[in-house]
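Structure below is data34.tsv: TSV, C-alpha atoms.
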chain	number	residue	atom	x	y	z
A	1	MET	CA	-33.13	-12.44	-1.80
A	2	PRO	CA	-29.55	-13.36	-0.89
A	3	GLY	CA	-26.86	-11.45	-2.75
A	4	PRO	CA	-24.77	-13.18	-5.42
A	5	TYR	CA	-21.67	-13.06	-3.20
A	6	GLU	CA	-23.32	-14.45	-0.08
A	7	GLY	CA	-20.83	-16.78	1.63
A	8	ILE	CA	-17.77	-14.83	0.44
A	9	PHE	CA	-15.59	-13.48	3.26
A	10	VAL	CA	-13.79	-10.20	2.59
A	11	LEU	CA	-11.09	-8.61	4.72
A	12	ASP	CA	-10.94	-4.92	3.88
A	13	ALA	CA	-7.66	-3.56	5.26
A	14	ALA	CA	-7.76	-0.40	3.13
A	15	GLN	CA	-8.36	3.20	4.17
A	16	GLY	CA	-9.67	6.25	2.37
A	17	ILE	CA	-12.02	5.86	-0.58
A	18	ALA	CA	-10.75	3.58	-3.36
A	19	GLY	CA	-10.20	0.29	-1.49
A	20	PRO	CA	-13.12	0.76	0.92
A	21	HIS	CA	-15.45	1.57	-1.99
A	22	CYS	CA	-14.59	-1.79	-3.54
A	23	GLY	CA	-15.27	-3.50	-0.20
A	24	GLN	CA	-18.59	-1.73	0.15
A	25	LEU	CA	-19.74	-2.86	-3.29
A	26	LEU	CA	-18.85	-6.44	-2.39
A	27	ALA	CA	-20.90	-6.05	0.80
A	28	GLN	CA	-23.81	-4.71	-1.22
A	29	ALA	CA	-23.58	-7.83	-3.39
A	30	GLY	CA	-23.96	-10.04	-0.31
A	31	ALA	CA	-20.39	-10.66	0.87
A	32	ARG	CA	-19.46	-10.47	4.53
A	33	VAL	CA	-16.93	-7.62	4.77
A	34	ILE	CA	-14.74	-7.07	7.82
A	35	LYS	CA	-13.16	-3.61	7.85
A	36	LEU	CA	-9.79	-3.61	9.60
A	37	GLU	CA	-8.80	-0.25	11.09
A	38	PRO	CA	-5.97	1.09	13.28
A	39	PRO	CA	-6.80	2.42	16.77
A	40	LYS	CA	-7.26	5.97	15.43
A	41	GLY	CA	-9.52	4.70	12.67
A	42	ASP	CA	-9.58	5.03	8.91
A	43	TRP	CA	-8.37	8.55	8.12
A	44	SER	CA	-11.60	9.15	6.19
A	45	ARG	CA	-13.40	9.26	9.55
A	46	GLY	CA	-11.71	12.62	10.18
A	47	LEU	CA	-12.74	14.34	6.92
A	48	THR	CA	-15.97	16.08	5.87
A	49	THR	CA	-18.85	16.64	8.31
A	50	ARG	CA	-18.38	14.34	11.29
A	51	ALA	CA	-19.68	13.39	14.70
A	52	ASN	CA	-18.00	11.01	17.15
A	53	THR	CA	-16.23	8.36	15.03
A	54	HIS	CA	-18.44	8.90	11.98
A	55	SER	CA	-17.98	11.19	8.98
A	56	VAL	CA	-19.96	11.62	5.79
A	57	MET	CA	-16.96	10.50	3.70
A	58	HIS	CA	-16.50	7.33	5.73
A	59	SER	CA	-20.24	6.61	5.64
A	60	CYS	CA	-20.37	6.94	1.85
A	61	PHE	CA	-17.80	4.17	1.27
A	62	ASN	CA	-18.14	1.77	4.20
A	63	ARG	CA	-21.79	0.82	4.40
A	64	GLY	CA	-22.69	-2.76	5.25
A	65	LYS	CA	-19.39	-3.72	6.86
A	66	GLU	CA	-18.34	-5.00	10.26
A	67	ALA	CA	-15.56	-3.00	11.93
A	68	VAL	CA	-12.61	-4.38	13.91
A	69	VAL	CA	-9.79	-2.32	15.41
A	70	LEU	CA	-6.30	-3.85	15.55
A	71	ASP	CA	-2.95	-2.20	16.21
A	72	LEU	CA	-0.67	-3.63	13.52
A	73	THR	CA	2.42	-2.42	15.38
A	74	ASP	CA	1.50	-4.92	18.13
A	75	PRO	CA	2.67	-8.51	17.36
A	76	ARG	CA	-0.43	-9.95	19.02
A	77	ASP	CA	-2.75	-7.88	16.84
A	78	GLN	CA	-0.66	-8.71	13.78
A	79	GLU	CA	-1.35	-12.38	14.49
A	80	ARG	CA	-5.08	-11.65	14.83
A	81	ALA	CA	-5.02	-9.82	11.50
A	82	ARG	CA	-3.28	-12.81	9.90
A	83	LYS	CA	-6.00	-15.11	11.24
A	84	LEU	CA	-8.62	-12.93	9.57
A	85	ALA	CA	-6.60	-12.86	6.33
A	86	ALA	CA	-6.32	-16.66	6.37
A	87	LYS	CA	-10.14	-16.85	6.16
A	88	ALA	CA	-10.43	-14.31	3.35
A	89	ASP	CA	-11.86	-15.18	-0.04
A	90	VAL	CA	-11.08	-11.57	-0.97
A	91	LEU	CA	-8.32	-9.51	0.67
A	92	ILE	CA	-8.15	-5.76	0.02
A	93	GLU	CA	-5.12	-3.76	1.14
A	94	ALA	CA	-3.90	-0.25	0.40
A	95	PHE	CA	-0.55	-0.09	2.19
A	96	ARG	CA	2.57	1.24	0.49
A	97	PRO	CA	3.96	-1.43	-1.85
A	98	GLY	CA	5.77	-4.05	0.20
A	99	VAL	CA	4.27	-3.11	3.57
A	100	ALA	CA	1.45	-5.69	3.44
A	101	GLN	CA	3.96	-8.51	2.91
A	102	ARG	CA	6.15	-7.18	5.71
A	103	ILE	CA	3.34	-7.28	8.28
A	104	GLY	CA	1.93	-10.57	7.06
A	105	LEU	CA	-1.07	-9.28	5.08
A	106	GLY	CA	0.24	-9.88	1.58
A	107	PRO	CA	-1.47	-12.18	-0.94
A	108	GLU	CA	0.17	-15.27	0.56
A	109	ALA	CA	-1.63	-14.57	3.88
A	110	ALA	CA	-5.06	-15.22	2.33
A	111	LYS	CA	-6.59	-18.51	1.25
A	112	PRO	CA	-4.82	-20.37	-1.58
A	113	ASP	CA	-7.66	-19.47	-3.95
A	114	ALA	CA	-8.24	-15.92	-2.68
A	115	VAL	CA	-8.60	-12.79	-4.77
A	116	CYS	CA	-6.08	-10.29	-3.38
A	117	ILE	CA	-6.44	-6.62	-4.34
A	118	SER	CA	-3.57	-4.20	-3.78
A	119	VAL	CA	-4.73	-0.59	-4.14
A	120	SER	CA	-2.03	2.05	-4.40
A	121	GLY	CA	-1.24	5.40	-5.94
A	122	PHE	CA	1.25	4.39	-8.64
A	123	GLY	CA	1.10	0.59	-8.66
A	124	GLN	CA	3.20	-2.19	-7.16
A	125	ASP	CA	6.15	-1.77	-9.54
A	126	GLY	CA	7.95	0.99	-11.40
A	127	PRO	CA	10.11	3.95	-10.34
A	128	HIS	CA	7.25	5.83	-8.63
A	129	ARG	CA	5.85	2.93	-6.61
A	130	GLU	CA	6.87	4.53	-3.28
A	131	ARG	CA	5.69	8.03	-4.16
A	132	PRO	CA	2.74	9.33	-2.07
A	133	CYS	CA	-0.43	9.85	-4.07
A	134	THR	CA	-3.92	11.24	-3.62
A	135	ASP	CA	-6.84	11.82	-5.97
A	136	GLY	CA	-5.54	15.31	-6.76
A	137	VAL	CA	-1.98	14.10	-7.39
A	138	ALA	CA	-3.30	11.39	-9.72
A	139	GLN	CA	-5.37	14.00	-11.58
A	140	ALA	CA	-2.29	16.19	-12.06
A	141	TYR	CA	0.11	13.35	-12.97
A	142	SER	CA	-2.22	11.70	-15.48
A	143	GLY	CA	-3.13	14.84	-17.45
A	144	LEU	CA	-6.69	15.13	-16.15
A	145	VAL	CA	-6.00	18.58	-14.69
A	146	ALA	CA	-4.44	19.74	-17.97
A	147	CYS	CA	-7.62	18.65	-19.77
A	148	ASN	CA	-9.81	20.70	-17.43
A	149	VAL	CA	-8.87	24.28	-18.25
A	150	GLY	CA	-11.41	26.77	-16.95
A	151	ALA	CA	-12.67	29.98	-18.51
A	152	ASP	CA	-9.95	31.70	-16.46
A	153	GLY	CA	-7.31	29.84	-18.49
A	154	ILE	CA	-6.14	27.91	-15.41
A	155	PRO	CA	-6.08	24.08	-15.33
A	156	HIS	CA	-8.21	22.88	-12.43
A	157	ARG	CA	-8.64	19.61	-10.55
A	158	LEU	CA	-12.11	18.14	-10.24
A	159	ASN	CA	-13.25	18.49	-6.64
A	160	THR	CA	-15.47	15.39	-6.59
A	161	LEU	CA	-12.62	12.86	-6.09
A	162	PRO	CA	-13.34	11.10	-9.41
A	163	VAL	CA	-10.10	9.09	-9.48
A	164	ASP	CA	-10.65	7.66	-6.01
A	165	VAL	CA	-14.24	6.67	-6.78
A	166	PHE	CA	-13.37	5.24	-10.20
A	167	THR	CA	-10.47	3.28	-8.70
A	168	GLY	CA	-12.92	1.65	-6.28
A	169	LEU	CA	-15.24	0.76	-9.15
A	170	SER	CA	-12.27	-0.56	-11.15
A	171	ALA	CA	-11.15	-2.74	-8.24
A	172	PHE	CA	-14.69	-4.09	-7.90
A	173	ALA	CA	-14.90	-4.88	-11.62
A	174	ALA	CA	-11.50	-6.60	-11.56
A	175	CYS	CA	-12.55	-8.59	-8.49
A	176	GLN	CA	-15.76	-9.67	-10.20
A	177	THR	CA	-13.75	-10.87	-13.19
A	178	ALA	CA	-11.41	-12.86	-10.94
A	179	LEU	CA	-14.32	-14.42	-9.03
A	180	ALA	CA	-15.96	-15.37	-12.34
A	181	GLU	CA	-12.70	-16.99	-13.49
A	182	GLN	CA	-12.60	-19.01	-10.29
A	183	ALA	CA	-16.19	-20.11	-10.78
A	184	ARG	CA	-15.29	-21.26	-14.29
A	185	ASP	CA	-12.28	-23.17	-12.93
A	186	ARG	CA	-14.54	-25.00	-10.47
A	187	ARG	CA	-17.09	-25.84	-13.17
A	188	GLU	CA	-14.32	-27.30	-15.30
A	189	GLY	CA	-12.95	-29.32	-12.37
A	190	ASN	CA	-9.76	-27.26	-12.03
A	191	PRO	CA	-8.50	-25.94	-8.68
A	192	PRO	CA	-8.94	-22.16	-8.57
A	193	ARG	CA	-5.67	-20.29	-8.24
A	194	ARG	CA	-4.94	-17.18	-6.21
A	195	ARG	CA	-5.31	-13.90	-8.09
A	196	HIS	CA	-3.32	-10.79	-7.17
A	197	LEU	CA	-4.82	-7.63	-8.67
A	198	ASP	CA	-2.70	-4.48	-8.92
A	199	VAL	CA	-5.12	-1.53	-8.98
A	200	SER	CA	-3.74	2.00	-8.87
A	201	LEU	CA	-5.08	5.54	-8.91
A	202	MET	CA	-2.66	6.27	-11.75
A	203	GLN	CA	-4.04	3.53	-14.00
A	204	SER	CA	-7.63	4.42	-13.12
A	205	ALA	CA	-6.97	8.05	-14.04
A	206	ALA	CA	-5.57	6.84	-17.36
A	207	ALA	CA	-8.74	4.81	-17.96
A	208	LEU	CA	-10.83	7.94	-17.32
A	209	LEU	CA	-8.69	9.76	-19.92
A	210	VAL	CA	-8.90	7.05	-22.57
A	211	LEU	CA	-9.99	9.50	-25.32
A	212	PRO	CA	-7.48	12.36	-24.79
A	213	ILE	CA	-4.65	9.89	-24.14
A	214	ALA	CA	-5.39	8.05	-27.40
A	215	GLU	CA	-5.68	11.24	-29.46
A	216	SER	CA	-2.71	12.99	-27.86
A	217	GLY	CA	-0.53	9.92	-28.32
A	218	MET	CA	-1.55	9.59	-31.94
A	219	LEU	CA	-1.02	13.27	-32.79
A	220	GLY	CA	1.99	13.93	-30.57
A	221	ARG	CA	0.31	17.04	-29.13
A	222	MET	CA	-2.75	18.08	-27.16
A	223	PRO	CA	-5.83	17.68	-29.39
A	224	ALA	CA	-8.11	20.59	-30.20
A	225	GLU	CA	-10.78	21.41	-27.66
A	226	LEU	CA	-13.80	19.20	-28.14
A	227	ASN	CA	-17.17	20.47	-29.43
A	228	VAL	CA	-16.65	24.24	-29.27
A	229	PRO	CA	-18.71	26.22	-28.24
A	230	ALA	CA	-19.99	23.59	-25.81
A	231	GLY	CA	-19.52	24.83	-22.25
A	232	THR	CA	-21.01	26.88	-19.44
A	233	TYR	CA	-22.53	30.33	-19.90
A	234	GLN	CA	-24.02	32.90	-17.58
A	235	GLY	CA	-27.42	34.45	-18.17
A	236	SER	CA	-28.54	37.97	-17.28
A	237	ASP	CA	-29.66	36.78	-13.83
A	238	GLY	CA	-26.16	35.54	-12.95
A	239	ALA	CA	-27.19	31.86	-13.09
A	240	TRP	CA	-25.20	29.42	-15.21
A	241	PHE	CA	-26.31	26.93	-17.84
A	242	MET	CA	-24.57	24.32	-19.94
A	243	ILE	CA	-24.64	23.89	-23.72
A	244	ALA	CA	-23.36	20.66	-25.28
A	245	MET	CA	-22.95	19.78	-28.96
A	246	VAL	CA	-22.06	16.57	-30.77
A	247	ARG	CA	-23.24	17.32	-34.33
A	248	GLU	CA	-22.60	20.22	-36.70
A	249	GLU	CA	-26.34	20.63	-37.26
A	250	GLU	CA	-26.71	21.56	-33.60
A	251	TRP	CA	-24.40	24.53	-34.15
A	252	VAL	CA	-26.73	25.82	-36.86
A	253	THR	CA	-29.76	25.39	-34.59
A	254	PHE	CA	-27.97	27.06	-31.71
A	255	CYS	CA	-27.10	30.09	-33.81
A	256	ARG	CA	-30.67	30.40	-35.05
A	257	GLU	CA	-32.08	30.27	-31.50
A	258	ALA	CA	-29.46	32.75	-30.28
A	259	GLY	CA	-30.46	35.25	-32.98
A	260	LEU	CA	-27.25	34.76	-34.99
A	261	PRO	CA	-28.45	32.88	-38.10
A	262	GLU	CA	-25.59	34.20	-40.23
A	263	LEU	CA	-22.81	32.96	-37.92
A	264	PRO	CA	-22.54	29.38	-39.29
A	265	ASP	CA	-21.50	30.87	-42.66
A	266	ASP	CA	-18.54	32.72	-41.15
A	267	PRO	CA	-15.44	30.80	-42.36
A	268	ARG	CA	-13.92	31.09	-38.89
A	269	PHE	CA	-16.78	29.07	-37.41
A	270	VAL	CA	-17.87	26.59	-40.08
A	271	SER	CA	-16.74	23.45	-38.21
A	272	PHE	CA	-15.81	22.19	-34.77
A	273	ALA	CA	-12.15	22.35	-35.78
A	274	GLU	CA	-12.37	25.97	-37.00
A	275	ARG	CA	-14.38	27.05	-33.97
A	276	ALA	CA	-11.74	25.53	-31.68
A	277	ARG	CA	-9.02	27.37	-33.61
A	278	ASN	CA	-10.91	30.67	-33.35
A	279	LYS	CA	-12.50	30.23	-29.94
A	280	PRO	CA	-11.48	33.63	-28.43
A	281	ALA	CA	-13.16	35.50	-31.30
A	282	LEU	CA	-16.24	33.29	-31.03
A	283	MET	CA	-16.55	33.88	-27.29
A	284	GLU	CA	-16.43	37.65	-27.83
A	285	ILE	CA	-19.54	37.26	-29.97
A	286	LEU	CA	-21.46	34.68	-27.94
A	287	ARG	CA	-21.04	35.73	-24.32
A	288	PRO	CA	-22.66	39.20	-24.64
A	289	ILE	CA	-25.58	37.66	-26.57
A	290	LEU	CA	-26.14	34.93	-23.99
A	291	GLN	CA	-26.00	37.46	-21.16
A	292	GLY	CA	-29.01	39.18	-22.73
A	293	ARG	CA	-31.55	36.69	-21.33
A	294	THR	CA	-31.91	34.81	-18.05
A	295	SER	CA	-30.45	31.34	-17.71
A	296	ALA	CA	-33.97	29.87	-17.39
A	297	GLU	CA	-35.06	31.57	-20.63
A	298	TRP	CA	-32.12	30.19	-22.57
A	299	VAL	CA	-32.55	26.68	-21.14
A	300	ALA	CA	-36.25	26.66	-22.07
A	301	ARG	CA	-35.52	28.02	-25.55
A	302	PHE	CA	-32.69	25.62	-26.34
A	303	GLN	CA	-34.43	22.57	-24.90
A	304	ALA	CA	-37.54	23.37	-26.96
A	305	ALA	CA	-35.27	23.29	-30.03
A	306	ARG	CA	-34.02	19.83	-28.93
A	307	LEU	CA	-30.54	21.10	-28.16
A	308	LEU	CA	-28.37	19.58	-25.44
A	309	CYS	CA	-28.77	22.12	-22.67
A	310	ASP	CA	-29.51	22.31	-18.96
A	311	ARG	CA	-29.06	24.56	-15.97
A	312	VAL	CA	-25.95	24.20	-13.82
A	313	ASN	CA	-27.39	22.71	-10.63
A	314	THR	CA	-25.91	22.48	-7.19
A	315	PRO	CA	-26.24	19.05	-5.55
A	316	LEU	CA	-29.19	20.45	-3.57
A	317	ASP	CA	-30.86	21.63	-6.80
A	318	PHE	CA	-30.33	18.16	-8.25
A	319	LEU	CA	-31.82	16.40	-5.22
A	320	ALA	CA	-34.88	18.68	-5.33
A	321	ASP	CA	-35.56	18.09	-9.01
A	322	PRO	CA	-38.77	16.07	-9.60
A	323	HIS	CA	-37.09	13.70	-12.06
A	324	ALA	CA	-34.22	12.89	-9.70
A	325	GLN	CA	-36.75	12.25	-6.95
A	326	ALA	CA	-38.91	10.07	-9.17
A	327	MET	CA	-35.87	8.00	-10.15
A	328	ARG	CA	-34.76	7.71	-6.50
A	329	VAL	CA	-31.16	8.57	-7.37
A	330	ALA	CA	-30.27	9.19	-3.72
A	331	PRO	CA	-32.59	7.51	-1.20
A	332	VAL	CA	-32.41	8.90	2.31
A	333	MET	CA	-30.66	6.63	4.80
A	334	GLU	CA	-30.10	6.79	8.54
A	335	GLN	CA	-26.47	6.81	9.61
A	336	PRO	CA	-26.23	6.29	13.39
A	337	GLY	CA	-24.10	9.02	14.90
A	338	LEU	CA	-24.70	11.46	12.04
A	339	GLY	CA	-28.41	11.42	11.21
A	340	THR	CA	-30.18	11.11	7.88
A	341	MET	CA	-28.51	11.76	4.55
A	342	PRO	CA	-29.24	11.12	0.86
A	343	MET	CA	-27.03	8.35	-0.48
A	344	ALA	CA	-26.59	7.99	-4.23
A	345	SER	CA	-27.05	4.50	-5.67
A	346	ILE	CA	-24.73	2.72	-8.11
A	347	PRO	CA	-26.57	2.47	-11.47
A	348	GLY	CA	-27.86	-1.04	-12.10
A	349	ILE	CA	-27.28	-2.18	-8.52
A	350	GLY	CA	-30.08	-0.27	-6.85
A	351	PRO	CA	-30.68	1.55	-3.55
A	352	TRP	CA	-29.03	0.21	-0.44
A	353	THR	CA	-29.13	1.87	2.93
A	354	THR	CA	-27.26	-0.35	5.41
A	355	PRO	CA	-25.18	2.11	7.47
A	356	ALA	CA	-21.43	2.21	8.03
A	357	PRO	CA	-20.11	0.82	11.35
A	358	ALA	CA	-18.75	2.83	14.23
A	359	LEU	CA	-15.02	2.57	14.91
A	360	GLY	CA	-14.37	-0.87	16.41
A	361	GLU	CA	-18.09	-1.63	16.66
A	362	HIS	CA	-17.62	-5.38	16.12
A	363	THR	CA	-14.12	-5.87	17.53
A	364	GLU	CA	-15.09	-8.00	20.52
A	365	ALA	CA	-17.40	-10.26	18.52
A	366	ILE	CA	-14.88	-10.77	15.73
A	367	LEU	CA	-12.01	-11.51	18.14
A	368	ARG	CA	-14.15	-14.09	19.94
A	369	GLU	CA	-14.89	-15.68	16.59
A	370	ILE	CA	-11.26	-16.00	15.43
A	371	GLU	CA	-9.90	-17.02	18.83
A	372	ALA	CA	-12.54	-19.61	19.60

Would you write the structure of this file as structure tokens?
Amino acid sequence: MPGPYEGIFVLDAAQGIAGPHCGQLLAQAGARVIKLEPPKGDWSRGLTTRANTHSVMHSCFNRGKEAVVLDLTDPRDQERARKLAAKADVLIEAFRPGVAQRIGLGPEAAKPDAVCISVSGFGQDGPHRERPCTDGVAQAYSGLVACNVGADGIPHRLNTLPVDVFTGLSAFAACQTALAEQARDRREGNPPRRRHLDVSLMQSAAALLVLPIAESGMLGRMPAELNVPAGTYQGSDGAWFMIAMVREEEWVTFCREAGLPELPDDPRFVSFAERARNKPALMEILRPILQGRTSAEWVARFQAARLLCDRVNTPLDFLADPHAQAMRVAPVMEQPGLGTMPMASIPGIGPWTTPAPALGEHTEAILREIEA
């Protein structure tokens, strides 16, 4: 079946993860996506495991696209890029604010009714608009790192690049909204207008932190830690497991299963708020008890009691789990130049295994097309 965006032409002039992820999702929905890269390629081609012009990072966020290489310092290639932009129903760029307009790839370069997406670290306006930004910087700036304090007492960044990935999803959602608005305009007989979407890592990080931002702003301070003693614990075998709690009754059940039935009556631990206030004392009690059995024993015991608990898996453990395999969370795909790899699907969209293009793989064909 053709995808819902079949017939839509997308010029993806972004590098890294956020912008390209948006372009990939549009490709998965049926759009034709041309990825514009400099002669040295998208910098993501040089990170993670790689071979030739391919890398795992690039392959994860550029599947289903055609690749053209243009040197945007060359006036002739700038003109070619502008010809591609003039055809675009959707234009994605991730240059520093103002650069796209300077080289002729700003919103005005696309079709009059195009959806133009500018992806940046701090947004197109404001005092920090020129400041360099990465996923880690956005995590630190937004408060995400401060909300992720480890058992060592040190605030840590999340190593899975959540802000980059969420920014790509946010750009895709915003683009879908704009395309739906244009469809409504056409149904009502109105000429669709150009949309310019300002999507930043900073704003996406804020959206991820909607709960702590709301509570901190309301209270004027950092809120108490959520759901103590939820967290990770180590069993006698050295393996880790996770306990989660959302109801006070679960604390009572947990204490019973841990052999501490009297603990819920201790005034220091009678509520989530009191347990957060007295967490160091609580940990002195719980950790030695939980180190008395293996992780597998605790997981089996707590799950049998219908508590929220599971082992701390590695990605390989997760992929090997029978449920993950049955649900096909990461179908194996062939990426030319790298080999086979499991590729996680977007929930609700389904598996999709069209590989990412090699650097400049379609340059000659695309140049013939625009210069014909």

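Each of A:Gly41, A:Leu105, A:Thr253, A:Pro280 was compared to Gly153 in chain A using all atoms listed in the file, and A:Pro280 turns out to be the nearest.
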
May I ask which of the residues A:Pro20, A:Gly46, A:Gly64, A:Pro97 is the closest one to Pro355 in chain A, counting all atoms listed in the file? A:Gly64

Within 9 Å of Asp89 in chain A, counting all atoms listed in the file, which residues show up once you throw out same-chain ones fewer than 3 positions away? Write them as a PyMOL selection string, please. chain A and resi 8-11+85-86+110-116

May I have the residues at most 12 Å from (-35.5, 10.2, -9.5) in the file's coordinates, counting all atoms listed in the file, as a compact mmCIF listing (two decimals) with C-alpha atoms, in the frame of the given file?
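Output file out.txt is given in full below:
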# COMPACT_ATOMS: atom_id res chain seq x y z
CA PHE A 318 -30.33 18.16 -8.25
CA LEU A 319 -31.82 16.40 -5.22
CA ALA A 320 -34.88 18.68 -5.33
CA ASP A 321 -35.56 18.09 -9.01
CA PRO A 322 -38.77 16.07 -9.60
CA HIS A 323 -37.09 13.70 -12.06
CA ALA A 324 -34.22 12.89 -9.70
CA GLN A 325 -36.75 12.25 -6.95
CA ALA A 326 -38.91 10.07 -9.17
CA MET A 327 -35.87 8.00 -10.15
CA ARG A 328 -34.76 7.71 -6.50
CA VAL A 329 -31.16 8.57 -7.37
CA ALA A 330 -30.27 9.19 -3.72
CA PRO A 331 -32.59 7.51 -1.20
CA ALA A 344 -26.59 7.99 -4.23
CA SER A 345 -27.05 4.50 -5.67
CA PRO A 347 -26.57 2.47 -11.47
CA PRO A 351 -30.68 1.55 -3.55

First collect every listed atom of range 296-312 of chain A; then fit an axis-aligned box around them, widen it by 3 Å on each side, and give centre and edge lengths in Å to one decimal, as JSON.
{"center_x": -31.7, "center_y": 25.6, "center_z": -21.9, "size_x": 17.6, "size_y": 18.0, "size_z": 22.2}

Residues near Ser204 in chain A, anyone? I mean within 12 Å using all atoms listed in the file, not counting same-chain ones fewer than 5 positions away, as a PyMOL selection string. chain A and resi 18+119-123+135+138-139+141-142+144+162-171+173-174+198-199+209-210

So what do you get for CA of Val246 in chain A versus CA of Asn227 in chain A, distance-wise? 6.4 Å

Can you list, as a PyMOL selection string, every protein, DNA or RNA residue that comes within 12 Å of Phe269 in chain A when you count only C-alpha atoms, leaving out same-chain residues fewer than 3 positions away? chain A and resi 227-229+248+251-252+255+262-266+272-283+285-286

Residue nearest Ser59 in chain A - candidates A:Glu249, A:Asp71, A:Arg45, A:Glu215, atoms counted: all atoms listed in the file: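 The shortest atom-to-atom distance to Ser59 in chain A comes from A:Arg45.
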
Distance in Å - CA of Glu297 in chain A versus CA of Asn148 in chain A: 27.7 Å

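The nearest approach to Gln124 in chain A among the residues A:Gly98, A:Gly150, A:Gly348, A:Gly189, with only C-alpha atoms taken into account, belongs to A:Gly98.
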
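Interatomic distance, CA of Cys22 in chain A against CA of Val90 in chain A: 10.7 Å.
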
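Residue nearest Ala296 in chain A within the list A:Ala29, A:Ala239, A:Arg76, A:Gly339: A:Ala239 [criterion: smallest interatomic distance, all atoms listed in the file].
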
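Nearest residue to Ala81 in chain A, choosing from A:Ile243, A:Leu290, A:Leu367, A:Ala206 and counting all atoms listed in the file: A:Leu367.
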